[in-house]
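*Asks:* Pasting a structure here, questions to come.
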Amino acid sequence: MKASISKIESFSTTDGPGIRTVLFFDGCSLRCKFCHNPELWQKKEENIELEDLLEKIRRWKPYYQKNGGITLSGGEPLLQSEFIIELCKRLKKEGIHIAIETSGIANHKIEEILSLVDLVIFDIKGTTKKKLEEITQRKAWNQVEEFKKKLIQSKKSVWIRQVIIPNVNDKLENLEELKEYIKEIDNIENIELLPFHTMAFTKYQELNIKNPYQEIPAMDKQKCKDLENQLLEERKETH
Ligand code: SF4
């Protein structure tokens with residue numbers, strides 16, 4: 001059994017708890033205007049065998065220590081659900097912590113995948129139908145709503161992530177919308193607001209893809225952190 005994975009980051013400390021290996025699965029059907037991995041949009045030829053991948057992971061396992069593990073990211077990992085399911089079953093047997101980072105846009109075998117992972121990093125692209133469609137350039141609202149429902153039912157631990165973009169979603173009213181959007185998810189362990197950056201602009205040029213946010217400046221990191229702290233404080237008071 002094979003998957004299309006374009007990059008493996010063996011020692012990440014930013015995509016879930018502890019030291020982790022992050023697998024970047026190829027393929028994504030959204031076209032987020034802020035995407036910093038447009039090279040992952042197209043699914044490429046399957047290039048890695050499950051057994052070979054597991055062999056690599058076993059070598060890194062000692063570094064995961066107590067709370068590290070594997071993060072399935074992309075692209076959109078849910079689009080390679082059959083492989084993900086087999087991989088997760090094998091990782092579980094070996095006692096490795098599994099996180100999946102997803103925007104929730106696929107519905108094939110979601111319940112089974114959710115039952116196998118330990119943590120879901122839910123990338124929220126838009127907190128209203130209008131915003132989601134504007135930012136992702138796709139009509140994905142119903143799919144994401146369906147995913148959110150299944151995520152809530154799964155009772156899995158959740159980290160929330162949202163990219164904050166100047167003049168797009170950096171106002172207090174957007175924070176209110178995000179609070180409203182996530183209020184039914186009661187197993188949230190962490191919330192991260194990530195500042196939009198312009199480092200991927202050169203990729204758009206190299207790939208000859210139109211960059212819709214070409215004129216948008218990088219998000220002020222401190223302003224983004226302040227918004228995140230405000231959100232965390234307010235949630236602390238109400239939970
Ligand atoms: S879901 Fe992720 S990979 Fe897909 S377009 Fe959006 S930011 Fe890019």
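Ordering of the structure tokens sets the chain letters (A, B, ...), residue numbers begin anew at 1 in every chain, and ligands are numbered from 1 in the order given.
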With only C-alpha atoms and all ligand atoms counted and 8 Å as the cut-off, give the residues of chain A in contact with ligand 1, each with its shortest interatomic distance in Å and the pair that gives it, as a tab-separated table.

*Replies:*
residue	atom	partner	partner_atom_place_in_ligand_line	distance
A:Gly27	CA	ligand 1	3 (S)	7.6
A:Cys28	CA	ligand 1	4 (Fe)	4.7
A:Ser29	CA	ligand 1	4 (Fe)	6.4
A:Leu30	CA	ligand 1	5 (S)	4.5
A:Arg31	CA	ligand 1	5 (S)	4.1
A:Cys32	CA	ligand 1	6 (Fe)	4.2
A:Lys33	CA	ligand 1	5 (S)	7.3
A:Phe34	CA	ligand 1	7 (S)	6.5
A:Cys35	CA	ligand 1	7 (S)	4.0
A:His36	CA	ligand 1	8 (Fe)	6.3
A:Asn37	CA	ligand 1	8 (Fe)	5.5
A:Pro38	CA	ligand 1	8 (Fe)	5.9
A:Leu40	CA	ligand 1	3 (S)	6.4
A:Trp41	CA	ligand 1	3 (S)	6.3
A:Gly74	CA	ligand 1	3 (S)	5.8
A:Gly75	CA	ligand 1	3 (S)	3.8
A:Glu76	CA	ligand 1	4 (Fe)	6.0
A:Thr102	CA	ligand 1	1 (S)	7.3
A:Ser103	CA	ligand 1	1 (S)	5.7
A:Asp123	CA	ligand 1	1 (S)	7.7
A:Lys125	CA	ligand 1	6 (Fe)	7.4
A:Thr136	CA	ligand 1	6 (Fe)	6.5

*Asks:* Leu23 in chain A: which residues within 12 Å, counting only C-alpha atoms, same-chain residues fewer than 6 positions away excluded, as a PDB file with C-alpha atoms, in the first residue's frame?

*Replies:*
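So out.pdb came out as:
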ATOM      1  CA  ALA A   3       0.799   7.076  -0.357  1.00  0.00           C
ATOM      2  CA  SER A   4       1.733  10.329  -1.996  1.00  0.00           C
ATOM      3  CA  ILE A   5       3.751  12.254   0.589  1.00  0.00           C
ATOM      4  CA  SER A   6       5.853  15.173  -0.550  1.00  0.00           C
ATOM      5  CA  LYS A   7       7.769  15.983   2.612  1.00  0.00           C
ATOM      6  CA  ILE A   8       8.625  14.409   5.956  1.00  0.00           C
ATOM      7  CA  GLU A   9       9.791  16.661   8.753  1.00  0.00           C
ATOM      8  CA  SER A  10      11.416  14.426  11.317  1.00  0.00           C
ATOM      9  CA  PHE A  11      11.789  16.757  14.323  1.00  0.00           C
ATOM     10  CA  SER A  12       8.993  19.296  14.448  1.00  0.00           C
ATOM     11  CA  ASP A  15       2.552  20.704  14.887  1.00  0.00           C
ATOM     12  CA  LEU A  40       0.920  20.325  -2.344  1.00  0.00           C
ATOM     13  CA  ILE A  48       6.126   5.733  -0.355  1.00  0.00           C
ATOM     14  CA  LEU A  53       7.385   4.640   6.153  1.00  0.00           C
ATOM     15  CA  LEU A  54       6.891   2.593   9.320  1.00  0.00           C
ATOM     16  CA  LYS A  56      11.593   5.261   9.152  1.00  0.00           C
ATOM     17  CA  ILE A  57       9.169   6.138  11.966  1.00  0.00           C
ATOM     18  CA  GLY A  69       4.559  11.327  18.000  1.00  0.00           C
ATOM     19  CA  ILE A  70       3.310  11.565  14.436  1.00  0.00           C
ATOM     20  CA  THR A  71       1.325  14.394  12.842  1.00  0.00           C
ATOM     21  CA  LEU A  72      -0.527  13.698   9.607  1.00  0.00           C
ATOM     22  CA  SER A  73      -0.638  16.976   7.690  1.00  0.00           C
ATOM     23  CA  GLY A  74      -0.597  18.255   4.129  1.00  0.00           C
ATOM     24  CA  GLY A  75      -2.220  19.236   1.801  1.00  0.00           C
ATOM     25  CA  GLU A  76      -5.264  17.471   3.158  1.00  0.00           C
ATOM     26  CA  PRO A  77      -4.451  14.086   4.727  1.00  0.00           C
ATOM     27  CA  ILE A  84      -4.230   6.902   6.740  1.00  0.00           C
ATOM     28  CA  LEU A  87      -1.020   3.724   8.970  1.00  0.00           C
ATOM     29  CA  ILE A  98      -1.133  10.304  16.403  1.00  0.00           C
ATOM     30  CA  ALA A  99      -2.307  13.811  15.551  1.00  0.00           C
ATOM     31  CA  ILE A 100      -4.070  14.766  12.336  1.00  0.00           C
ATOM     32  CA  GLU A 101      -4.122  18.316  11.012  1.00  0.00           C
TER      33      GLU A 101
END

*Asks:* Can you tell me which residues surround Gly104 in chain A at a distance of at most 8 Å, considering only C-alpha atoms, apart from same-chain residues fewer than 3 positions away, and format the answer as a PyMOL selection string?

*Replies:* chain A and resi 78+107+122-123+143-144+147-148

*Asks:* If you measure from CA of Lys89 in chain A to CA of Glu45 in chain A, what distance in Å do you get, rounded to one decimal?

*Replies:*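 Going from CA of Lys89 in chain A over to CA of Glu45 in chain A covers 23.5 Å.
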
*Asks:* Using only C-alpha atoms, can you tell me which of A:Leu116, A:Arg58, A:Ile164, A:Lys109 comes closest to Lys223 in chain A?

*Replies:*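 For Lys223 in chain A, the nearest of the candidates is A:Ile164.
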
*Asks:* Let's see if you can do this: from backbone DSSP, list all strand (DSSP E) residues in range 10-210 of chain A, as a PyMOL selection string.

*Replies:* chain A and resi 10-12+20-25+48-49+69-74+97-102+119-123+157-164+188-195

*Asks:* Keeping C-alpha atoms for every residue in the selection just given, could you write it to a file as a CSV table (one decimal), in the first residue's frame?

*Replies:*
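Written output follows (out.csv):
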chain,number,residue,atom,x,y,z
A,10,SER,CA,11.4,14.4,11.3
A,11,PHE,CA,11.8,16.8,14.3
A,12,SER,CA,9.0,19.3,14.4
A,20,ARG,CA,7.0,15.0,16.3
A,21,THR,CA,7.4,13.6,12.8
A,22,VAL,CA,5.2,15.5,10.4
A,23,LEU,CA,4.0,13.8,7.2
A,24,PHE,CA,2.9,16.2,4.5
A,25,PHE,CA,0.4,14.4,2.3
A,48,ILE,CA,6.1,5.7,-0.4
A,49,GLU,CA,5.3,2.2,0.8
A,69,GLY,CA,4.6,11.3,18.0
A,70,ILE,CA,3.3,11.6,14.4
A,71,THR,CA,1.3,14.4,12.8
A,72,LEU,CA,-0.5,13.7,9.6
A,73,SER,CA,-0.6,17.0,7.7
A,74,GLY,CA,-0.6,18.3,4.1
A,97,HIS,CA,0.7,9.2,19.6
A,98,ILE,CA,-1.1,10.3,16.4
A,99,ALA,CA,-2.3,13.8,15.6
A,100,ILE,CA,-4.1,14.8,12.3
A,101,GLU,CA,-4.1,18.3,11.0
A,102,THR,CA,-7.1,18.9,8.8
A,119,LEU,CA,-5.6,14.5,18.6
A,120,VAL,CA,-7.2,16.6,15.9
A,121,ILE,CA,-5.7,19.9,14.9
A,122,PHE,CA,-8.7,21.6,13.3
A,123,ASP,CA,-7.6,24.2,10.8
A,157,SER,CA,-8.9,16.1,22.0
A,158,VAL,CA,-8.8,19.2,19.7
A,159,TRP,CA,-6.4,22.0,18.9
A,160,ILE,CA,-7.9,24.9,17.0
A,161,ARG,CA,-5.9,26.8,14.4
A,162,GLN,CA,-6.8,29.8,12.3
A,163,VAL,CA,-4.6,32.0,10.1
A,164,ILE,CA,-5.1,35.7,10.9
A,188,ILE,CA,-10.5,21.9,23.0
A,189,GLU,CA,-7.0,21.7,24.6
A,190,ASN,CA,-5.4,24.6,22.7
A,191,ILE,CA,-6.1,27.5,20.4
A,192,GLU,CA,-3.4,28.9,18.0
A,193,LEU,CA,-3.9,32.0,15.9
A,194,LEU,CA,-1.2,32.0,13.2
A,195,PRO,CA,0.0,35.3,11.6

*Asks:* Could you pull out all residues of range 126-213 of chain A with a DSSP call of alpha helix (DSSP H) and give them as number ranges by chain?

*Replies:* A: 129-136, 141-154, 172-182, 201-207

*Asks:* Which of these residues is nearest to Asn67 in chain A, using only C-alpha atoms: A:Leu132, A:Ile209, A:Ile19, A:Val168?

*Replies:*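 Among the listed residues, the smallest separation from Asn67 in chain A belongs to A:Ile19.
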
*Asks:* Just want the 12 Å neighbourhood of Glu145 in chain A, counted on only C-alpha atoms, with same-chain residues fewer than 5 positions away dropped. Output as number ranges by chain.

*Replies:* A: 103-107, 124, 126-129, 132, 139-140, 150-152, 181-182, 184

*Asks:* For Ile113 in chain A, which residue out of A:Glu94, A:Glu86, A:Glu134, A:Glu177 is the nearest one, using only C-alpha atoms?

*Replies:*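 The closest residue to Ile113 in chain A is A:Glu86.
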
*Asks:* For a test of reading the model, state the distance in Å between CA of Pro166 in chain A and CA of Pro217 in chain A, rounded to one decimal.

*Replies:*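 Separation between CA of Pro166 in chain A and CA of Pro217 in chain A: 7.1 Å.
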
*Asks:* Can you work out the spacing between CA of Gln80 in chain A and CA of Arg138 in chain A in Å, to one decimal?

*Replies:*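 Atom-to-atom, CA of Gln80 in chain A and CA of Arg138 in chain A are spaced 19.4 Å apart.
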